[in-house]
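Shown below: coords22.txt, with compact mmCIF, C-alpha atoms.
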# COMPACT_ATOMS: atom_id res chain seq x y z
CA MET I 20 11.70 -4.56 29.53
CA GLY I 21 12.57 -2.13 26.71
CA LYS I 22 10.29 0.33 25.01
CA LYS I 23 6.78 -0.84 24.18
CA LEU I 24 5.69 -0.68 20.53
CA MET I 25 2.03 -1.22 19.63
CA LEU I 26 1.36 -2.51 16.10
CA LEU I 27 -2.17 -2.32 14.76
CA GLY I 28 -3.10 -5.34 12.66
CA GLY I 29 -1.58 -8.77 12.33
CA LEU I 30 -0.70 -9.37 8.68
CA GLN I 31 2.53 -10.99 7.47
CA TYR I 32 3.81 -7.54 6.41
CA LEU I 33 4.42 -6.83 10.10
CA LEU I 34 6.95 -9.63 10.54
CA PRO I 35 10.04 -7.62 9.48
CA VAL I 36 8.79 -4.74 11.65
CA ILE I 37 8.53 -7.06 14.66
CA GLU I 38 11.98 -8.47 13.90
CA GLU I 39 13.48 -4.98 13.79
CA ALA I 40 11.71 -3.93 16.99
CA HIS I 41 13.04 -7.02 18.77
CA ARG I 42 16.50 -6.22 17.46
CA LEU I 43 16.17 -2.89 19.29
CA GLY I 44 15.05 -4.63 22.47
CA ALA I 45 11.46 -3.40 22.22
CA HIS I 46 8.42 -5.21 23.61
CA VAL I 47 5.96 -5.66 20.72
CA ILE I 48 2.20 -5.59 21.24
CA THR I 49 -0.05 -6.53 18.32
CA VAL I 50 -3.73 -5.60 18.28
CA ASP I 51 -6.69 -6.49 16.07
CA TYR I 52 -9.88 -8.56 16.19
CA LEU I 53 -8.42 -11.62 14.39
CA PRO I 54 -6.43 -13.75 16.86
CA ASP I 55 -5.27 -16.18 14.16
CA ASN I 56 -3.38 -13.54 12.18
CA ILE I 57 0.24 -14.55 11.73
CA ALA I 58 1.92 -11.52 13.34
CA HIS I 59 0.42 -12.38 16.73
CA LYS I 60 2.56 -15.53 16.78
CA TYR I 61 5.71 -13.39 16.73
CA SER I 62 4.74 -10.48 18.96
CA ASP I 63 5.28 -10.49 22.71
CA GLU I 64 1.68 -9.70 23.53
CA TYR I 65 -1.67 -9.72 21.70
CA HIS I 66 -4.96 -7.96 22.46
CA ASN I 67 -8.25 -8.59 20.69
CA VAL I 68 -9.54 -5.06 19.98
CA SER I 69 -10.82 -3.60 16.71
CA ILE I 70 -8.27 -1.19 15.25
CA LEU I 71 -11.16 0.92 13.92
CA ASP I 72 -12.24 1.74 17.49
CA LYS I 73 -9.82 4.55 18.27
CA GLU I 74 -11.16 5.16 21.79
CA ALA I 75 -10.78 1.48 22.72
CA ILE I 76 -7.25 1.44 21.31
CA LEU I 77 -6.44 4.63 23.24
CA ARG I 78 -7.67 3.08 26.49
CA LEU I 79 -5.55 -0.02 25.87
CA ALA I 80 -2.49 2.04 24.92
CA ARG I 81 -2.76 4.09 28.11
CA GLU I 82 -3.25 0.98 30.21
CA LEU I 83 -0.16 -0.64 28.67
CA GLU I 84 1.86 2.59 28.80
CA ILE I 85 3.17 2.20 25.27
CA ASP I 86 6.07 4.27 23.89
CA GLY I 87 5.10 4.15 20.22
CA ILE I 88 2.36 3.05 17.83
CA MET I 89 2.34 2.04 14.15
CA SER I 90 -0.11 0.75 11.57
CA PHE I 91 2.53 -0.49 9.15
CA ALA I 92 0.98 -1.72 5.87
CA VAL I 93 -2.42 -1.84 7.62
CA ASP I 94 -4.44 0.98 6.12
CA PRO I 95 -7.55 0.88 8.37
CA GLY I 96 -5.51 1.55 11.50
CA VAL I 97 -3.51 4.58 10.38
CA THR I 98 -5.91 7.27 11.60
CA THR I 99 -6.38 5.37 14.86
CA ALA I 100 -2.60 5.29 15.34
CA ALA I 101 -2.39 9.03 14.66
CA TYR I 102 -5.21 9.69 17.14
CA VAL I 103 -3.59 7.65 19.91
CA ALA I 104 -0.19 9.20 19.26
CA GLN I 105 -1.64 12.72 19.46
CA GLN I 106 -3.60 12.00 22.63
CA MET I 107 -0.57 10.43 24.34
CA ALA I 108 2.07 12.80 22.90
CA LEU I 109 3.84 9.89 21.18
CA PRO I 110 6.00 10.21 18.05
CA PHE I 111 4.06 10.20 14.77
CA GLN I 112 4.70 11.75 11.39
CA GLY I 113 1.61 13.92 11.36
CA SER I 114 -1.29 15.29 13.36
CA TYR I 115 -4.57 13.42 13.54
CA GLU I 116 -6.12 16.10 11.29
CA ALA I 117 -3.37 15.84 8.66
CA VAL I 118 -3.40 12.05 8.68
CA SER I 119 -7.19 12.02 8.35
CA ILE I 120 -6.85 14.07 5.16
CA LEU I 121 -4.24 11.74 3.72
CA GLN I 122 -6.22 8.62 4.62
CA ASN I 123 -9.58 9.70 3.19
CA LYS I 124 -9.53 9.71 -0.61
CA GLY I 125 -12.35 12.25 -0.76
CA LEU I 126 -10.74 14.69 1.69
CA PHE I 127 -7.37 14.18 -0.01
CA ARG I 128 -8.77 15.09 -3.45
CA GLU I 129 -10.40 18.18 -1.94
CA PHE I 130 -7.12 19.20 -0.30
CA LEU I 131 -5.14 18.71 -3.50
CA THR I 132 -7.67 20.76 -5.47
CA ALA I 133 -7.72 23.59 -2.92
CA ASN I 134 -3.92 23.82 -3.00
CA GLY I 135 -3.35 23.74 -6.74
CA PHE I 136 -2.03 20.20 -7.23
CA ASN I 137 -2.71 18.16 -10.35
CA VAL I 138 -5.84 16.21 -9.47
CA PRO I 139 -8.66 14.50 -11.40
CA ALA I 140 -12.21 15.79 -11.10
CA ALA I 141 -13.61 13.97 -8.07
CA GLY I 142 -16.57 13.92 -5.71
CA GLN I 143 -17.37 12.13 -2.45
CA TYR I 144 -20.80 10.54 -1.90
CA THR I 145 -22.77 8.18 0.30
CA SER I 146 -25.43 6.94 -2.15
CA ILE I 147 -25.95 6.19 -5.82
CA GLU I 148 -28.57 8.96 -5.94
CA GLU I 149 -26.01 11.58 -4.89
CA ALA I 150 -23.53 10.37 -7.47
CA LEU I 151 -26.07 10.29 -10.31
CA ALA I 152 -27.19 13.84 -9.50
CA ASP I 153 -23.59 15.01 -9.92
CA ILE I 154 -22.68 12.91 -12.93
CA ASP I 155 -22.32 15.76 -15.44
CA ARG I 156 -19.13 17.00 -13.77
CA PHE I 157 -17.17 13.91 -14.86
CA SER I 158 -15.57 12.84 -18.13
CA TRP I 159 -16.20 9.18 -18.93
CA PRO I 160 -14.84 6.65 -18.19
CA ILE I 161 -14.73 7.14 -14.43
CA ILE I 162 -13.35 5.27 -11.43
CA VAL I 163 -15.44 4.42 -8.35
CA LYS I 164 -13.67 3.49 -5.11
CA PRO I 165 -14.21 3.54 -1.33
CA VAL I 166 -12.70 6.57 0.39
CA ASP I 167 -11.06 4.44 3.07
CA SER I 168 -9.81 1.16 1.64
CA ALA I 169 -6.45 0.00 0.32
CA GLY I 170 -5.14 -2.86 -1.79
CA SER I 171 -7.47 -1.87 -4.69
CA LYS I 172 -10.46 -3.37 -2.86
CA GLY I 173 -13.79 -1.99 -4.04
CA VAL I 174 -12.35 -0.27 -7.13
CA THR I 175 -14.19 -0.36 -10.47
CA ARG I 176 -13.80 1.41 -13.79
CA VAL I 177 -17.20 2.50 -15.11
CA ASP I 178 -17.75 3.28 -18.79
CA SER I 179 -21.43 4.30 -18.72
CA PRO I 180 -24.03 5.50 -16.17
CA ASP I 181 -25.88 2.18 -16.46
CA SER I 182 -22.98 0.41 -14.73
CA LEU I 183 -22.65 2.94 -11.92
CA PRO I 184 -25.07 1.37 -9.38
CA GLU I 185 -23.20 -1.96 -9.33
CA ALA I 186 -19.86 -0.18 -8.95
CA VAL I 187 -21.19 1.92 -6.07
CA GLN I 188 -22.54 -1.16 -4.32
CA TYR I 189 -19.15 -2.85 -4.63
CA ALA I 190 -17.33 0.23 -3.31
CA LEU I 191 -19.65 0.54 -0.32
CA SER I 192 -19.19 -3.17 0.47
CA GLU I 193 -15.47 -2.48 1.01
CA SER I 194 -15.89 0.86 2.83
CA HIS I 195 -15.58 1.25 6.59
CA ASN I 196 -17.38 4.58 6.83
CA GLY I 197 -20.02 4.28 4.09
CA HIS I 198 -18.47 6.84 1.71
CA PHE I 199 -17.12 6.44 -1.81
CA ILE I 200 -15.59 8.70 -4.44
CA VAL I 201 -16.16 9.06 -8.15
CA GLU I 202 -13.34 10.54 -10.21
CA ASP I 203 -12.21 10.90 -13.80
CA PHE I 204 -10.26 7.92 -15.10
CA LEU I 205 -6.69 9.04 -15.83
CA GLU I 206 -4.99 7.32 -18.78
CA MET I 207 -1.43 6.45 -17.77
CA GLU I 208 1.67 7.16 -19.80
CA GLY I 209 3.84 4.13 -19.19
CA HIS I 210 3.50 2.62 -15.72
CA SER I 211 2.06 3.96 -12.51
CA SER I 212 4.28 3.94 -9.43
CA ASP I 213 3.58 2.49 -5.99
CA SER I 214 6.58 2.83 -3.71
CA GLU I 215 7.88 4.27 -0.44
CA GLY I 216 9.11 7.61 0.86
CA PHE I 217 10.47 8.89 4.15
CA THR I 218 10.48 12.31 5.83
CA ILE I 219 12.72 13.56 8.61
CA ASP I 220 11.44 16.68 10.37
CA GLY I 221 9.20 17.34 7.39
CA LYS I 222 11.91 17.00 4.72
CA LEU I 223 11.40 14.30 2.12
CA VAL I 224 14.82 12.67 2.42
CA PHE I 225 13.97 9.45 0.57
CA ASN I 226 11.53 9.04 -2.30
CA SER I 227 11.42 6.05 -4.63
CA PHE I 228 9.45 5.18 -7.76
CA SER I 229 8.51 1.81 -9.22
CA ASP I 230 6.92 0.43 -12.36
CA GLN I 231 3.66 -1.15 -11.26
CA TYR I 232 2.09 -3.99 -13.24
CA PHE I 233 -1.47 -5.32 -13.39
CA ASP I 234 -3.17 -8.51 -14.61
CA PRO I 235 -6.03 -7.60 -16.99
CA ARG I 236 -7.48 -11.09 -16.54
CA ALA I 237 -7.86 -10.75 -12.76
CA THR I 238 -11.25 -10.39 -11.11
CA ASN I 239 -10.07 -6.93 -10.08
CA PRO I 240 -7.72 -5.71 -12.84
CA TYR I 241 -6.64 -2.76 -10.67
CA THR I 242 -4.93 -4.95 -8.09
CA PRO I 243 -1.14 -4.78 -8.57
CA CYS I 244 0.48 -8.07 -9.61
CA GLY I 245 4.08 -6.95 -9.94
CA TYR I 246 6.68 -4.23 -9.41
CA ILE I 247 10.06 -3.25 -10.82
CA TRP I 248 12.63 -0.86 -9.37
CA PRO I 249 13.92 1.52 -10.62
CA SER I 250 11.01 3.12 -12.45
CA THR I 251 11.06 3.96 -16.16
CA MET I 252 9.14 7.19 -15.49
CA PRO I 253 10.95 10.17 -17.10
CA GLN I 254 13.30 11.99 -14.74
CA TRP I 255 11.53 15.33 -15.21
CA ALA I 256 8.28 13.77 -13.95
CA LYS I 257 10.04 12.21 -10.95
CA THR I 258 11.60 15.58 -10.10
CA GLU I 259 8.26 17.38 -10.34
CA LEU I 260 6.54 14.73 -8.22
CA HIS I 261 9.28 14.92 -5.59
CA ASP I 262 8.85 18.70 -5.40
CA GLU I 263 5.06 18.40 -5.18
CA LEU I 264 5.32 15.71 -2.51
CA GLN I 265 7.61 17.97 -0.51
CA ARG I 266 5.07 20.79 -0.89
CA LEU I 267 2.35 18.43 0.34
CA MET I 268 4.42 17.45 3.38
CA SER I 269 5.08 21.10 4.20
CA LEU I 270 1.44 22.15 3.84
CA LEU I 271 0.34 19.37 6.21
CA ASN I 272 3.26 19.98 8.61
CA MET I 273 4.35 16.34 8.46
CA GLN I 274 7.30 15.31 10.61
CA THR I 275 9.27 12.01 10.62
CA GLY I 276 8.16 8.67 9.23
CA ILE I 277 7.52 6.34 6.30
CA TYR I 278 4.92 6.77 3.52
CA ASN I 279 3.36 4.61 0.85
CA ILE I 280 3.08 6.86 -2.21
CA GLU I 281 1.20 6.19 -5.44
CA THR I 282 1.94 8.44 -8.43
CA ARG I 283 1.56 8.36 -12.19
CA LEU I 284 2.38 10.29 -15.33
CA CYS I 285 -0.73 10.60 -17.50
CA LYS I 286 -1.35 11.05 -21.21
CA ASP I 287 -2.31 14.68 -20.59
CA GLY I 288 1.39 15.28 -19.86
CA LYS I 289 0.87 15.87 -16.14
CA PRO I 290 2.25 13.87 -13.19
CA TYR I 291 -0.26 13.16 -10.41
CA ILE I 292 -0.02 12.24 -6.73
CA MET I 293 -2.74 9.62 -6.40
CA GLU I 294 -2.21 8.60 -2.77
CA CYS I 295 0.21 9.41 0.04
CA SER I 296 -0.46 7.29 3.11
CA PRO I 297 1.63 7.74 6.30
CA ARG I 298 2.44 4.04 6.67
CA GLY I 299 4.55 1.38 5.00
CA GLY I 300 2.96 -0.10 1.89
CA GLY I 301 1.60 -3.60 1.44
CA ASN I 302 3.09 -6.20 -0.90
CA ARG I 303 6.39 -5.97 1.04
CA LEU I 304 7.38 -2.75 -0.76
CA ALA I 305 9.68 -1.45 1.99
CA GLU I 306 11.31 -4.87 2.18
CA MET I 307 11.96 -4.78 -1.56
CA ILE I 308 13.55 -1.34 -1.41
CA ASP I 309 15.70 -2.34 1.56
CA LEU I 310 16.71 -5.50 -0.30
CA GLN I 311 17.77 -3.48 -3.33
CA ASN I 312 19.27 -0.38 -1.72
CA ASP I 313 19.95 -1.22 1.95
CA CYS I 314 18.43 2.15 2.87
CA ASN I 315 17.10 1.24 6.35
CA LEU I 316 13.45 2.04 5.60
CA ILE I 317 11.94 -0.50 7.99
CA ALA I 318 14.56 0.07 10.67
CA ASN I 319 13.98 3.82 10.59
CA ALA I 320 10.19 3.44 10.55
CA VAL I 321 10.45 1.52 13.84
CA ARG I 322 13.00 3.93 15.28
CA ALA I 323 10.84 6.93 14.36
CA ALA I 324 7.81 5.38 16.07
CA LEU I 325 9.84 4.86 19.25
CA GLY I 326 11.49 8.28 19.16
CA MET I 327 14.95 6.81 18.62
CA THR I 328 17.91 8.09 16.62
CA LEU I 329 17.63 7.20 12.93
CA LEU I 330 20.15 5.33 10.82
CA PRO I 331 21.57 6.84 7.60
CA MET I 332 19.14 6.63 4.67
CA LYS I 333 21.37 4.71 2.27
CA SER I 334 20.64 4.68 -1.44
CA ASP I 335 22.58 3.12 -4.30
CA GLY I 336 22.54 5.48 -7.26
CA ASN I 337 22.62 2.65 -9.83
CA PRO I 338 21.14 -0.50 -8.30
CA VAL I 339 20.64 -3.77 -10.18
CA PRO I 340 17.00 -3.84 -11.38
CA LEU I 341 14.79 -5.73 -8.95
CA GLY I 342 11.31 -7.13 -9.59
CA GLU I 343 8.59 -8.55 -7.38
CA ALA I 344 5.95 -10.89 -8.79
CA ILE I 345 2.73 -11.10 -6.77
CA LEU I 346 1.55 -14.69 -7.17
CA HIS I 347 -2.20 -15.06 -7.56
CA CYS I 348 -4.89 -17.23 -9.13
CA GLN I 349 -7.83 -16.46 -11.37
CA LYS I 350 -10.29 -18.75 -9.58
CA SER I 351 -10.86 -19.72 -5.98
CA GLY I 352 -10.01 -23.23 -4.91
CA THR I 353 -7.50 -25.35 -3.02
CA PHE I 354 -3.83 -24.55 -3.46
CA LYS I 355 -1.72 -27.49 -4.64
CA GLY I 356 1.68 -25.90 -5.31
CA ILE I 357 3.83 -24.00 -7.80
CA HIS I 358 6.33 -25.06 -10.45
CA ILE I 359 9.05 -22.68 -11.61
CA SER I 360 10.80 -23.11 -14.96
CA PRO I 361 14.47 -24.02 -14.41
CA GLU I 362 15.73 -21.32 -16.78
CA VAL I 363 14.28 -18.59 -14.55
CA GLU I 364 15.76 -19.87 -11.29
CA GLN I 365 19.03 -17.97 -11.91
CA TYR I 366 17.15 -14.68 -11.48
CA ILE I 367 15.23 -15.59 -8.31
CA VAL I 368 16.46 -13.98 -5.12
CA GLN I 369 13.66 -15.04 -2.82
CA THR I 370 10.36 -16.94 -2.81
CA ARG I 371 7.88 -16.29 -0.01
CA MET I 372 4.58 -18.20 0.05
CA ARG I 373 1.56 -17.14 2.08
CA VAL I 374 -0.32 -20.44 1.77
CA GLU I 375 0.56 -24.11 2.05
CA PRO I 376 -0.66 -26.94 -0.19
CA GLY I 377 -4.17 -27.96 0.83
CA GLU I 378 -5.15 -24.48 2.02
CA PRO I 379 -7.87 -22.41 0.31
CA VAL I 380 -7.02 -19.55 -2.05
CA GLN I 381 -9.23 -16.82 -3.46
CA GLU I 382 -9.56 -15.28 -6.90
CA PHE I 383 -7.47 -12.12 -7.22
CA SER I 384 -9.92 -9.37 -6.27
CA GLY I 385 -7.59 -7.56 -3.84
CA ALA I 386 -4.03 -7.55 -2.54
CA ASN I 387 -5.12 -9.63 0.45
CA HIS I 388 -5.75 -12.57 -1.90
CA ALA I 389 -2.13 -12.89 -3.03
CA ILE I 390 -0.67 -16.40 -2.75
CA GLY I 391 2.92 -15.29 -2.30
CA THR I 392 5.77 -13.31 -3.82
CA ILE I 393 8.84 -14.07 -5.90
CA VAL I 394 11.70 -11.56 -5.98
CA LEU I 395 13.96 -11.41 -9.03
CA LYS I 396 17.12 -9.55 -9.96
CA CYS I 397 18.34 -9.16 -13.54
CA ASP I 398 20.91 -6.87 -15.17
CA ASP I 399 18.70 -6.58 -18.25
CA PRO I 400 15.68 -4.31 -17.48
CA GLU I 401 13.78 -5.53 -20.55
CA LYS I 402 14.25 -9.16 -19.57
CA LEU I 403 13.06 -8.39 -16.05
CA SER I 404 10.02 -6.55 -17.42
CA GLN I 405 9.07 -9.57 -19.51
CA LEU I 406 9.42 -11.88 -16.51
CA ILE I 407 7.17 -9.71 -14.34
CA GLN I 408 4.60 -9.16 -17.07
CA HIS I 409 4.39 -12.85 -17.96
CA THR I 410 4.73 -14.63 -14.63
CA ASP I 411 2.34 -17.35 -15.82
CA ASP I 412 4.86 -18.39 -18.48
CA TRP I 413 7.48 -19.50 -15.93
CA CYS I 414 5.58 -19.98 -12.67
CA LYS I 415 2.73 -22.46 -12.88
CA ILE I 416 0.28 -22.23 -9.97
CA ALA I 417 -1.73 -25.39 -9.37
CA VAL I 418 -5.19 -24.84 -7.88
CA ASP I 419 -7.95 -27.42 -7.55
CA ASN I 420 -11.14 -25.60 -8.53
CA THR I 421 -13.42 -28.64 -8.28
CA ILE I 422 -14.28 -28.17 -4.60

Give the structure from this file in structure tokens form.
Amino acid sequence: MGKKLMLLGGLQYLLPVIEEAHRLGAHVITVDYLPDNIAHKYSDEYHNVSILDKEAILRLARELEIDGIMSFAVDPGVTTAAYVAQQMALPFQGSYEAVSILQNKGLFREFLTANGFNVPAAGQYTSIEEALADIDRFSWPIIVKPVDSAGSKGVTRVDSPDSLPEAVQYALSESHNGHFIVEDFLEMEGHSSDSEGFTIDGKLVFNSFSDQYFDPRATNPYTPCGYIWPSTMPQWAKTELHDELQRLMSLLNMQTGIYNIETRLCKDGKPYIMECSPRGGGNRLAEMIDLQNDCNLIANAVRAALGMTLLPMKSDGNPVPLGEAILHCQKSGTFKGIHISPEVEQYIVQTRMRVEPGEPVQEFSGANHAIGTIVLKCDDPEKLSQLIQHTDDWCKIAVDNTI
């Protein structure tokens, strides 16, 4: 038996990670409390343990004598993975303390403020009463979100104090630790970016930017519904963000591994680091970047977790624009199928569905309610932008809402 890799969670985003680990001869162990999750069908071993219970995961990891641990694209397990890695002296890109800062939106905002980064006014709270008592520090509109959730779950824009209680209740319903943050709403200039980075011995050797798209009609309009690489963000902003991300990595003494990084240029003329999570992102972001650039992101994430020699971080300086459409529906129901306009088929590289006809689908309130993804390549960036912005024009999703 080769090295043992423990993966926290069981979502479909783990499948390319499992494939890469198997390519290296590793024995893959998946862990969560949902035995029907798809990744467990492809791992070598599954254990039913909550990934939020770091002591239980540590006991299991010691019992199994694992060689590495990851929480790839599974946000709730990242701090647990860091804790286990630190306790067992396993490879990980940061200490438990550093990872805890990055994973908690409240602590992260405090760290950014204390170290002179561009950051919106923000506060962390546990009740509506605390937030209302502190309301004068914010400029309306504001954003309310859980401190410890991903995929835009629990996020609400609030335009007046009257709407704050409902937003807080929603945020707390998606929080694991009962905390939420309130922060100034930052008006974007152009598109926000949600993409991947990679450090080796603390140096940010790979950093990508995307154009992120949203569906204003969705139940949660802050859930991403599409991406395009490369980003149209001005080069000066990308350079400043790269330098600030490197400063962040140095301050936290990060080491080697993959990151999901959210950034944006705002109408105040400042670029902001919104999130920097030491894990691969959801929505198959690392897969998309590997598909476009062949830069070995997933392979090196697995190798880093197992303490193995990394492959070269390849990057094409002028790649063909690539887009990813996140298929979703506006109402819950029973999925019947999709129909793609023939004139768009020439641009489609890959279609990956998460549901089969006859299975239930949910309204688009979070990334976990996506129906599937369609990957497109097009030499014309404007054409690609139109395709991603107007997916409904060429991809018809049939859902029976009568049940």

How would you write as JSON, numbers by chain the residues that get within 12 Å of (17.4, -17.8, -4.9) in the file's frame, counting all atoms listed in the file?
{"I": [359, 361, 363, 364, 365, 366, 367, 368, 369, 370, 371, 393, 394, 395, 396]}

Close residues, I:Met89 itself excluded, 9 Å, all atoms listed in the file, min 5 positions apart in chain, as a ChimeraX atom specification
/I:24-27,96-97,100-101,111,298,320-321,324

Got time to write the residues from that selection, C-alpha atoms, as a PDB file, in the frame of the given file?
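Everything below was put into out_12.pdb:
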ATOM      1  CA  LEU I  24       5.690  -0.680  20.530  1.00  0.00           C
ATOM      2  CA  MET I  25       2.030  -1.220  19.630  1.00  0.00           C
ATOM      3  CA  LEU I  26       1.360  -2.510  16.100  1.00  0.00           C
ATOM      4  CA  LEU I  27      -2.170  -2.320  14.760  1.00  0.00           C
ATOM      5  CA  GLY I  96      -5.510   1.550  11.500  1.00  0.00           C
ATOM      6  CA  VAL I  97      -3.510   4.580  10.380  1.00  0.00           C
ATOM      7  CA  ALA I 100      -2.600   5.290  15.340  1.00  0.00           C
ATOM      8  CA  ALA I 101      -2.390   9.030  14.660  1.00  0.00           C
ATOM      9  CA  PHE I 111       4.060  10.200  14.770  1.00  0.00           C
ATOM     10  CA  ARG I 298       2.440   4.040   6.670  1.00  0.00           C
ATOM     11  CA  ALA I 320      10.190   3.440  10.550  1.00  0.00           C
ATOM     12  CA  VAL I 321      10.450   1.520  13.840  1.00  0.00           C
ATOM     13  CA  ALA I 324       7.810   5.380  16.070  1.00  0.00           C
TER      14      ALA I 324
END

Grab all the atoms of stretch 123-140 of chain I that the file lists, wrap them in a box along x, y and z, add 5 Å per side, and give me centre plus edge lengths in Å (one decimal) as AutoDock Vina command-line options.
--center_x -7.2 --center_y 16.8 --center_z -4.1 --size_x 20.3 --size_y 24.1 --size_z 24.6

Please measure the separation of atom CA of I:Ala45 and atom CA of I:Lys23, giving the value in Å to one decimal.
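Interatomic distance here is 5.7 Å.
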
Residue contacts of I:Asn134 (12 Å, only C-alpha atoms) excluding same-chain residues fewer than 6 positions away, as a list in words:
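Everything that qualifies: Phe127, Arg128, Glu263, Arg266, Leu267, Ser269, Leu270 and Leu271 of chain I.
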
Option closest in space to I:Cys285, from I:Gln106, I:Thr218, I:Gln349, I:Ser212 [counting only C-alpha atoms]
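Result for the nearest residue to I:Cys285: I:Ser212.
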
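Neighbouring residues of I:Val163 at 7 Å or closer, counting all atoms listed in the file and skipping chain neighbours under 2 positions away, are Ile161, Val174, Thr175, Arg176, Ala186, Val187, Ala190, Ile200, Val201 and Glu202 of chain I.
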
Distance query 7 Å from (4.5, -25.3, -8.6) using only C-alpha atoms, result as an NGL selection string:
:I and (356-359 or 414-417)

Shell of 10 Å around stretch 29-40 of chain I, all atoms listed in the file, local chain residues under 2 positions omitted, as number ranges by chain
I: 21-24, 26-27, 42-63, 65, 89-93, 299-306, 317-322, 325, 373, 387

Got a sec: who's within 8 Å of I:Ser179, counting all atoms listed in the file, leaving out chain neighbours fewer than 3 positions off, as a compact mmCIF listing (two decimals) with C-alpha atoms, keeping the file's coordinate frame?
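Result saved to result-v7.txt:
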# COMPACT_ATOMS: atom_id res chain seq x y z
CA TRP I 159 -16.20 9.18 -18.93
CA PRO I 160 -14.84 6.65 -18.19
CA SER I 182 -22.98 0.41 -14.73
CA LEU I 183 -22.65 2.94 -11.92

Between atom CA of I:Lys402 and atom CA of I:Lys286, measure the distance and give it in Å to one decimal.
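Separating atom CA of I:Lys402 from atom CA of I:Lys286 is a distance of 25.6 Å.
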
How many Å separate atom CA of I:Ala75 from atom CA of I:Ala117?
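For atom CA of I:Ala75 relative to atom CA of I:Ala117, the distance reads 21.4 Å.
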
Could you give me, as CSV, every stretch 205-244 of chain I residue with an atom at most 10 Å from stretch 336-346 of chain I, plus its closest atom pair and distance in Å to one decimal, counting all atoms listed in the file, rows ordered by chain then number?
residue,atom,partner,partner_atom,distance
I:Ser229,CA,I:Gly342,CA,9.4
I:Asp230,CA,I:Gly342,CA,9.2
I:Gln231,CA,I:Glu343,CA,9.7
I:Tyr232,CA,I:Ala344,CA,9.1
I:Phe233,CA,I:Ile345,CA,9.7
I:Thr242,CA,I:Ile345,CA,9.9
I:Pro243,CA,I:Ile345,CA,7.6
I:Cys244,CA,I:Ile345,CA,4.7

For I:Leu121, which residue among I:Pro331, I:Pro297, I:Gly352, I:Pro253 is the nearest when counting all atoms listed in the file?
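That would be I:Pro297, the residue with the smallest distance to I:Leu121.
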
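Minimum atom-to-atom distances from I:Asn420, I:Thr99, I:Asn137, I:Asn226 to I:Leu205 were compared using only C-alpha atoms, and the lowest value belongs to I:Asn137.
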
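Counting only C-alpha atoms and comparing I:Lys289, I:Arg156, I:His198, I:Arg78, the residue that lies closest to I:Leu126 is I:His198.
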